[in-house]
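Q: target09.cif is reproduced below (mmCIF, C-alpha atoms and all ligand atoms).
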```cif
data_entry
loop_
_atom_site.label_atom_id
_atom_site.label_comp_id
_atom_site.auth_asym_id
_atom_site.auth_seq_id
_atom_site.Cartn_x
_atom_site.Cartn_y
_atom_site.Cartn_z
CA MET A 1174 45.80 74.27 -61.70
CA ALA A 1175 43.13 72.24 -63.49
CA ARG A 1176 42.14 71.90 -67.12
CA ILE A 1177 38.38 72.52 -67.08
CA VAL A 1178 36.55 71.63 -70.29
CA PHE A 1179 32.91 72.57 -70.86
CA ASP A 1180 30.25 71.26 -73.17
CA LEU A 1181 28.33 74.17 -74.75
CA ASP A 1182 24.63 73.64 -75.66
CA GLY A 1183 22.61 72.97 -72.52
CA THR A 1184 25.65 73.42 -70.25
CA LEU A 1185 26.85 77.02 -70.53
CA ILE A 1186 24.14 78.35 -72.83
CA ASP A 1187 20.45 77.71 -73.37
CA SER A 1188 20.67 77.65 -77.14
CA ALA A 1189 17.66 75.46 -77.99
CA PRO A 1190 15.50 78.48 -79.00
CA ASP A 1191 18.05 79.50 -81.66
CA ILE A 1192 18.58 75.92 -82.87
CA ARG A 1193 14.80 75.58 -83.09
CA GLU A 1194 14.56 78.82 -85.09
CA ALA A 1195 17.21 77.55 -87.56
CA ALA A 1196 15.32 74.26 -87.95
CA ASN A 1197 11.95 75.95 -88.31
CA GLY A 1198 13.14 78.27 -91.07
CA LEU A 1199 14.08 75.18 -93.01
CA LEU A 1200 10.82 73.34 -92.20
CA GLU A 1201 8.81 76.40 -93.23
CA ASP A 1202 10.52 76.34 -96.64
CA GLU A 1203 9.46 72.69 -96.87
CA GLY A 1204 5.85 73.58 -95.98
CA LEU A 1205 6.10 71.45 -92.82
CA PRO A 1206 5.03 72.16 -89.21
CA PRO A 1207 7.65 73.69 -86.87
CA LEU A 1208 9.51 71.85 -84.13
CA SER A 1209 8.38 72.40 -80.55
CA ILE A 1210 10.99 73.41 -78.00
CA SER A 1211 10.83 69.95 -76.39
CA GLU A 1212 11.41 68.20 -79.74
CA THR A 1213 14.34 70.54 -80.31
CA ARG A 1214 15.89 69.76 -76.92
CA ARG A 1215 15.45 66.02 -77.58
CA PHE A 1216 17.30 66.22 -80.90
CA ILE A 1217 20.31 68.18 -79.54
CA GLY A 1218 23.40 66.39 -78.26
CA GLU A 1219 25.03 64.31 -80.96
CA GLY A 1220 25.83 67.14 -83.35
CA SER A 1221 24.12 68.77 -86.33
CA PRO A 1222 24.09 65.73 -88.70
CA THR A 1223 22.14 63.75 -86.08
CA PHE A 1224 19.91 66.74 -85.24
CA VAL A 1225 18.91 67.05 -88.90
CA ARG A 1226 18.38 63.29 -89.23
CA LEU A 1227 16.05 63.25 -86.18
CA MET A 1228 14.20 66.35 -87.40
CA MET A 1229 13.71 64.76 -90.83
CA ALA A 1230 12.40 61.53 -89.28
CA ALA A 1231 9.98 63.53 -87.10
CA ARG A 1232 8.54 65.28 -90.19
CA ASP A 1233 8.63 62.28 -92.57
CA ILE A 1234 11.24 63.80 -94.87
CA GLU A 1235 12.94 61.28 -97.17
CA PRO A 1236 16.34 60.30 -95.63
CA ASP A 1237 18.11 60.78 -98.99
CA ARG A 1238 17.65 64.57 -98.63
CA HIS A 1239 19.96 64.67 -95.60
CA ALA A 1240 23.01 66.28 -97.27
CA PRO A 1241 21.27 69.35 -98.75
CA LEU A 1242 19.10 69.90 -95.68
CA LEU A 1243 22.14 69.63 -93.37
CA ALA A 1244 23.92 72.24 -95.51
CA GLN A 1245 20.90 74.57 -95.22
CA PHE A 1246 20.67 73.99 -91.48
CA LEU A 1247 24.37 74.76 -90.95
CA ASP A 1248 24.00 77.92 -92.97
CA ARG A 1249 21.14 79.09 -90.74
CA LEU A 1250 22.91 78.00 -87.53
CA LYS A 1251 25.83 80.39 -88.01
CA GLY A 1252 23.62 83.44 -87.45
CA ALA A 1253 21.46 81.78 -84.79
CA VAL A 1254 22.59 83.74 -81.73
CA ALA A 1255 19.86 86.24 -80.83
CA LEU A 1256 17.65 83.93 -78.73
CA THR A 1257 20.48 82.20 -76.82
CA ARG A 1258 21.05 82.98 -73.14
CA VAL A 1259 24.00 82.22 -70.87
CA TYR A 1260 22.73 80.22 -67.88
CA PRO A 1261 22.44 82.39 -64.74
CA GLY A 1262 25.70 82.50 -62.81
CA ALA A 1263 27.73 80.84 -65.57
CA LYS A 1264 29.69 83.98 -66.54
CA ALA A 1265 30.59 84.72 -62.92
CA ALA A 1266 31.64 81.08 -62.40
CA LEU A 1267 33.91 81.22 -65.47
CA ASP A 1268 35.46 84.44 -64.15
CA ALA A 1269 36.06 82.89 -60.74
CA LEU A 1270 37.63 79.77 -62.26
CA ALA A 1271 39.90 81.81 -64.54
CA GLN A 1272 40.83 84.01 -61.58
CA ALA A 1273 41.80 80.88 -59.64
CA GLY A 1274 44.26 80.08 -62.45
CA HIS A 1275 42.43 77.20 -64.15
CA SER A 1276 42.54 76.84 -67.93
CA LEU A 1277 39.13 76.77 -69.57
CA ALA A 1278 38.11 75.20 -72.88
CA ILE A 1279 35.06 74.07 -74.87
CA CYS A 1280 34.43 70.60 -76.29
CA THR A 1281 31.04 70.63 -78.03
CA ASN A 1282 29.28 68.63 -80.72
CA LYS A 1283 27.95 71.91 -82.15
CA PRO A 1284 29.99 72.63 -85.31
CA GLU A 1285 32.97 74.85 -84.53
CA ALA A 1286 31.93 77.93 -86.58
CA PRO A 1287 28.48 78.39 -84.96
CA ALA A 1288 30.00 77.51 -81.57
CA ARG A 1289 32.56 80.30 -81.92
CA ALA A 1290 29.92 82.68 -83.33
CA VAL A 1291 27.56 82.27 -80.37
CA LEU A 1292 30.40 82.47 -77.81
CA ASP A 1293 31.61 85.65 -79.49
CA HIS A 1294 28.09 87.13 -79.56
CA LEU A 1295 27.74 86.49 -75.81
CA GLY A 1296 31.19 87.91 -75.02
CA LEU A 1297 32.43 84.52 -73.81
CA LEU A 1298 34.95 83.63 -76.51
CA PRO A 1299 38.00 85.30 -74.87
CA ARG A 1300 37.47 83.21 -71.73
CA PHE A 1301 38.39 79.95 -73.51
CA ALA A 1302 41.88 78.84 -74.49
CA GLU A 1303 40.48 76.25 -76.93
CA VAL A 1304 37.17 75.62 -78.72
CA LEU A 1305 36.67 72.26 -80.40
CA GLY A 1306 33.44 71.55 -82.33
CA GLY A 1307 31.62 68.48 -83.59
CA ASP A 1308 33.20 68.94 -87.04
CA SER A 1309 36.73 69.79 -85.84
CA LEU A 1310 37.98 66.18 -85.86
CA PRO A 1311 36.92 63.05 -87.73
CA GLN A 1312 35.45 61.79 -84.42
CA ARG A 1313 32.81 63.50 -82.31
CA LYS A 1314 31.51 62.86 -78.77
CA PRO A 1315 30.81 60.31 -77.29
CA ALA A 1316 34.16 59.25 -78.82
CA PRO A 1317 36.90 60.37 -76.40
CA GLU A 1318 39.17 61.92 -79.09
CA PRO A 1319 37.76 65.48 -79.08
CA LEU A 1320 38.00 65.79 -75.29
CA LEU A 1321 41.48 64.24 -75.26
CA ALA A 1322 42.58 66.58 -78.06
CA VAL A 1323 41.36 69.67 -76.15
CA LEU A 1324 43.08 68.51 -72.97
CA ASP A 1325 46.26 67.92 -74.90
CA ARG A 1326 46.34 71.58 -75.97
CA LEU A 1327 46.07 72.90 -72.39
CA PRO A 1328 48.88 73.25 -69.82
CA ALA A 1329 49.30 70.09 -67.72
CA GLY A 1330 47.04 69.66 -64.68
CA PRO A 1331 44.08 67.64 -63.43
CA ALA A 1332 41.28 67.36 -66.00
CA ILE A 1333 37.53 67.84 -65.51
CA TYR A 1334 34.70 67.68 -68.06
CA ILE A 1335 31.42 69.49 -67.44
CA GLY A 1336 28.32 68.70 -69.48
CA ASP A 1337 24.56 68.26 -69.50
CA SER A 1338 23.92 65.04 -71.39
CA GLU A 1339 24.42 61.29 -71.61
CA VAL A 1340 26.76 61.95 -74.54
CA ASP A 1341 28.98 64.07 -72.29
CA ALA A 1342 29.00 61.48 -69.48
CA ALA A 1343 29.97 58.76 -71.97
CA THR A 1344 32.71 60.97 -73.45
CA ALA A 1345 34.21 61.68 -70.03
CA GLU A 1346 34.10 58.02 -69.12
CA ALA A 1347 35.75 56.96 -72.39
CA ALA A 1348 38.47 59.59 -71.85
CA GLY A 1349 38.95 58.64 -68.19
CA VAL A 1350 38.13 62.17 -67.03
CA PRO A 1351 36.00 63.11 -63.96
CA PHE A 1352 32.57 64.44 -64.99
CA LEU A 1353 30.32 67.11 -63.49
CA LEU A 1354 26.67 67.05 -64.64
CA PHE A 1355 24.59 70.23 -65.07
CA THR A 1356 21.07 68.97 -64.35
CA GLU A 1357 19.08 71.78 -66.06
CA GLY A 1358 20.21 71.19 -69.66
CA TYR A 1359 19.06 68.82 -72.43
CA ARG A 1360 19.59 65.42 -70.77
CA LYS A 1361 17.31 62.64 -72.07
CA GLY A 1362 17.02 60.36 -69.02
CA ALA A 1363 17.30 60.34 -65.23
CA VAL A 1364 20.25 61.85 -63.36
CA HIS A 1365 20.72 58.67 -61.30
CA ASP A 1366 21.09 56.56 -64.46
CA MET A 1367 24.26 58.47 -65.38
CA ARG A 1368 27.82 58.38 -64.11
CA TRP A 1369 29.18 61.60 -62.63
CA GLN A 1370 31.40 62.83 -59.79
CA ALA A 1371 28.92 65.54 -58.83
CA THR A 1372 25.83 67.28 -60.17
CA PHE A 1373 24.81 70.94 -60.03
CA ALA A 1374 21.73 72.97 -60.93
CA ASP A 1375 23.36 76.36 -60.31
CA HIS A 1376 26.67 77.40 -61.89
CA ALA A 1377 27.51 79.38 -58.75
CA ARG A 1378 28.40 76.02 -57.17
CA LEU A 1379 31.09 75.23 -59.77
CA PRO A 1380 34.14 76.84 -58.07
CA GLU A 1381 33.40 74.93 -54.86
CA LEU A 1382 32.76 71.60 -56.66
CA ILE A 1383 35.94 71.96 -58.67
CA ALA A 1384 38.02 72.91 -55.63
CA ALA A 1385 36.80 69.68 -53.99
CA LEU A 1386 37.90 67.62 -57.02
CA VAL A 1387 41.40 68.98 -57.62
O1 LIG A 1401 24.91 70.56 -81.13
C1 LIG A 1401 24.67 69.50 -80.49
O2 LIG A 1401 23.99 68.56 -80.93
C2 LIG A 1401 25.21 69.35 -79.11
O3 LIG A 1401 25.99 70.41 -78.66
P1 LIG A 1401 26.72 70.19 -77.25
O4 LIG A 1401 27.73 69.08 -77.47
O5 LIG A 1401 27.35 71.54 -76.99
O6 LIG A 1401 25.69 69.83 -76.23
MG MG A 1402 25.13 69.71 -74.27
#
```
Render the structure in this file as structure tokens.
Ligand SMILES: O=C(O)COP(=O)(O)O
Ligand SMILES: [Mg+2]

A:
Amino acid sequence: MARIVFDLDGTLIDSAPDIREAANGLLEDEGLPPLSISETRRFIGEGSPTFVRLMMAARDIEPDRHAPLLAQFLDRLKGAVALTRVYPGAKAALDALAQAGHSLAICTNKPEAPARAVLDHLGLLPRFAEVLGGDSLPQRKPAPEPLLAVLDRLPAGPAIYIGDSEVDAATAEAAGVPFLLFTEGYRKGAVHDMRWQATFADHARLPELIAALV
């Protein structure tokens, strides 16, 4: 049975509306214009410190304010669950994969506490044997360490990483793990510019794609 590791934001859940809300609460306090949803999606992928840095650059906030603004953002992110949706078919696909005996885990750059909070809110937390966040280790994706650490904690078997972004593809490549790309998430560039074993736009295809790989 395989070890199947998922990215979170833009792969299993459409969380950009909540991340945007957290950012906009902070920008409102600063008297600055809110982020659009497309700006938000562009800034997601390399974890909260990078998100806040990109947001600050987009609103001409002095870079030396990064630490306090990151702390405020993280505080808001923990409760940011109400606007997030599980992608259609993702829950059923997770059920089918668990039923088939695969072990399931999360390797995200979202910090671990908000990652667990949103998974719990959506009823998805019990489906995962491990959840590793962007602040769980000294390294974060695209470094291979977080993915390798998650895999290490799962029972032996073929490994697969499933994500939506260039960061995820680079992580899988660095870890030497086959990669499946969800094409409807927060990717920055073209699908054909990335390395993957297969792509999917509908989570219902996952059991079949994974069966073909293992
Ligand atoms: O929070 C982020 O920046 C990215 O999160 P992800 O790794 O789950 O896509
Ligand atoms: Mg993602």

Q: Using all atoms listed in the file, which of the listed residues (A:Asp1366, A:Asp1202, A:Asp1180, A:Asp1187) sits closest to A:Phe1301?

A: A:Asp1180

Q: Find the residues of chain A that sit at most 8 Å from ligand LIG 1401 (chain A); for each, write down the nearest two atoms and how far apart they are in Å, to one decimal. Count only C-alpha atoms and all ligand atoms. Sort by chain, then by number going up, and give it as JSON lines.

A:
```
{"residue": "A:Asp1180", "atom": "CA", "partner": "A:LIG1401", "partner_atom": "O5", "distance": 4.8}
{"residue": "A:Leu1181", "atom": "CA", "partner": "A:LIG1401", "partner_atom": "O5", "distance": 3.6}
{"residue": "A:Asp1182", "atom": "CA", "partner": "A:LIG1401", "partner_atom": "O5", "distance": 3.7}
{"residue": "A:Gly1183", "atom": "CA", "partner": "A:LIG1401", "partner_atom": "O6", "distance": 5.8}
{"residue": "A:Thr1184", "atom": "CA", "partner": "A:LIG1401", "partner_atom": "O6", "distance": 7.0}
{"residue": "A:Phe1216", "atom": "CA", "partner": "A:LIG1401", "partner_atom": "O2", "distance": 7.1}
{"residue": "A:Ile1217", "atom": "CA", "partner": "A:LIG1401", "partner_atom": "O2", "distance": 4.0}
{"residue": "A:Gly1218", "atom": "CA", "partner": "A:LIG1401", "partner_atom": "O2", "distance": 3.5}
{"residue": "A:Glu1219", "atom": "CA", "partner": "A:LIG1401", "partner_atom": "O2", "distance": 4.4}
{"residue": "A:Gly1220", "atom": "CA", "partner": "A:LIG1401", "partner_atom": "O2", "distance": 3.4}
{"residue": "A:Ser1221", "atom": "CA", "partner": "A:LIG1401", "partner_atom": "O2", "distance": 5.4}
{"residue": "A:Thr1223", "atom": "CA", "partner": "A:LIG1401", "partner_atom": "O2", "distance": 7.3}
{"residue": "A:Phe1224", "atom": "CA", "partner": "A:LIG1401", "partner_atom": "O2", "distance": 6.2}
{"residue": "A:Cys1280", "atom": "CA", "partner": "A:LIG1401", "partner_atom": "O4", "distance": 7.0}
{"residue": "A:Thr1281", "atom": "CA", "partner": "A:LIG1401", "partner_atom": "O4", "distance": 3.7}
{"residue": "A:Asn1282", "atom": "CA", "partner": "A:LIG1401", "partner_atom": "O4", "distance": 3.6}
{"residue": "A:Lys1283", "atom": "CA", "partner": "A:LIG1401", "partner_atom": "O1", "distance": 3.5}
{"residue": "A:Pro1284", "atom": "CA", "partner": "A:LIG1401", "partner_atom": "O1", "distance": 6.9}
{"residue": "A:Ala1288", "atom": "CA", "partner": "A:LIG1401", "partner_atom": "O5", "distance": 8.0}
{"residue": "A:Gly1306", "atom": "CA", "partner": "A:LIG1401", "partner_atom": "O4", "distance": 7.9}
{"residue": "A:Gly1307", "atom": "CA", "partner": "A:LIG1401", "partner_atom": "O4", "distance": 7.3}
{"residue": "A:Lys1314", "atom": "CA", "partner": "A:LIG1401", "partner_atom": "O4", "distance": 7.4}
{"residue": "A:Gly1336", "atom": "CA", "partner": "A:LIG1401", "partner_atom": "O6", "distance": 7.3}
{"residue": "A:Asp1337", "atom": "CA", "partner": "A:LIG1401", "partner_atom": "O6", "distance": 7.0}
{"residue": "A:Ser1338", "atom": "CA", "partner": "A:LIG1401", "partner_atom": "O6", "distance": 7.0}
{"residue": "A:Val1340", "atom": "CA", "partner": "A:LIG1401", "partner_atom": "O4", "distance": 7.8}
{"residue": "A:Asp1341", "atom": "CA", "partner": "A:LIG1401", "partner_atom": "O4", "distance": 7.3}
{"residue": "A:Tyr1359", "atom": "CA", "partner": "A:LIG1401", "partner_atom": "O6", "distance": 7.7}
```

Q: Using only C-alpha atoms and all ligand atoms, can you tell me which of A:Ala1385, A:Leu1354, A:Ala1377, A:Ala1196 comes closest to ligand MG 1402 (chain A)?

A: A:Leu1354

Q: As a PyMOL selection string, please: the residues near A:Leu1243 (cut-off 7 Å, only C-alpha atoms, same-chain neighbours under 3 positions excluded).

A: chain A and resi 1222+1225+1239-1240+1246-1247

Q: Would you export the selected residues with C-alpha atoms as a short mmCIF file (atom, residue, chain, number, x, y, z; two decimals), in the coordinates of the input, please?

A:
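Okay, this is what ended up in selection_4.cif:
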```
data_model
loop_
_atom_site.label_atom_id
_atom_site.label_comp_id
_atom_site.auth_asym_id
_atom_site.auth_seq_id
_atom_site.Cartn_x
_atom_site.Cartn_y
_atom_site.Cartn_z
CA PRO A 1222 24.09 65.73 -88.70
CA VAL A 1225 18.91 67.05 -88.90
CA HIS A 1239 19.96 64.67 -95.60
CA ALA A 1240 23.01 66.28 -97.27
CA PHE A 1246 20.67 73.99 -91.48
CA LEU A 1247 24.37 74.76 -90.95
#
```

Q: Could you check the closest approach to A:Leu1320 for each of A:Ala1348, A:Ala1363, A:Ala1271, A:Ala1343 and tell me which residue wins, using all atoms listed in the file?

A: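 Of all the options, A:Ala1348 lies closest to A:Leu1320.
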
Q: Nearest residue to A:Leu1250 out of A:Thr1344, A:Thr1356, A:Gln1370, A:Asn1197, using all atoms listed in the file?

A: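 Among the listed residues, the smallest separation from A:Leu1250 belongs to A:Asn1197.
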
Q: If we count only C-alpha atoms, what is near stretch 1326-1330 of chain A at a cut-off of 7 Å, once residues fewer than 4 positions away on the same chain are taken out, given as a list in words?

A: Met1174, Ala1175, Arg1176, Ser1276 and Ala1322 of chain A

Q: Of the residues A:Leu1208, A:Val1364, A:Ala1384, A:Ile1186, which is the one nearest to ligand MG 1402 (chain A), using only C-alpha atoms and all ligand atoms?

A: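 The shortest atom-to-atom distance to ligand MG 1402 (chain A) comes from A:Ile1186.
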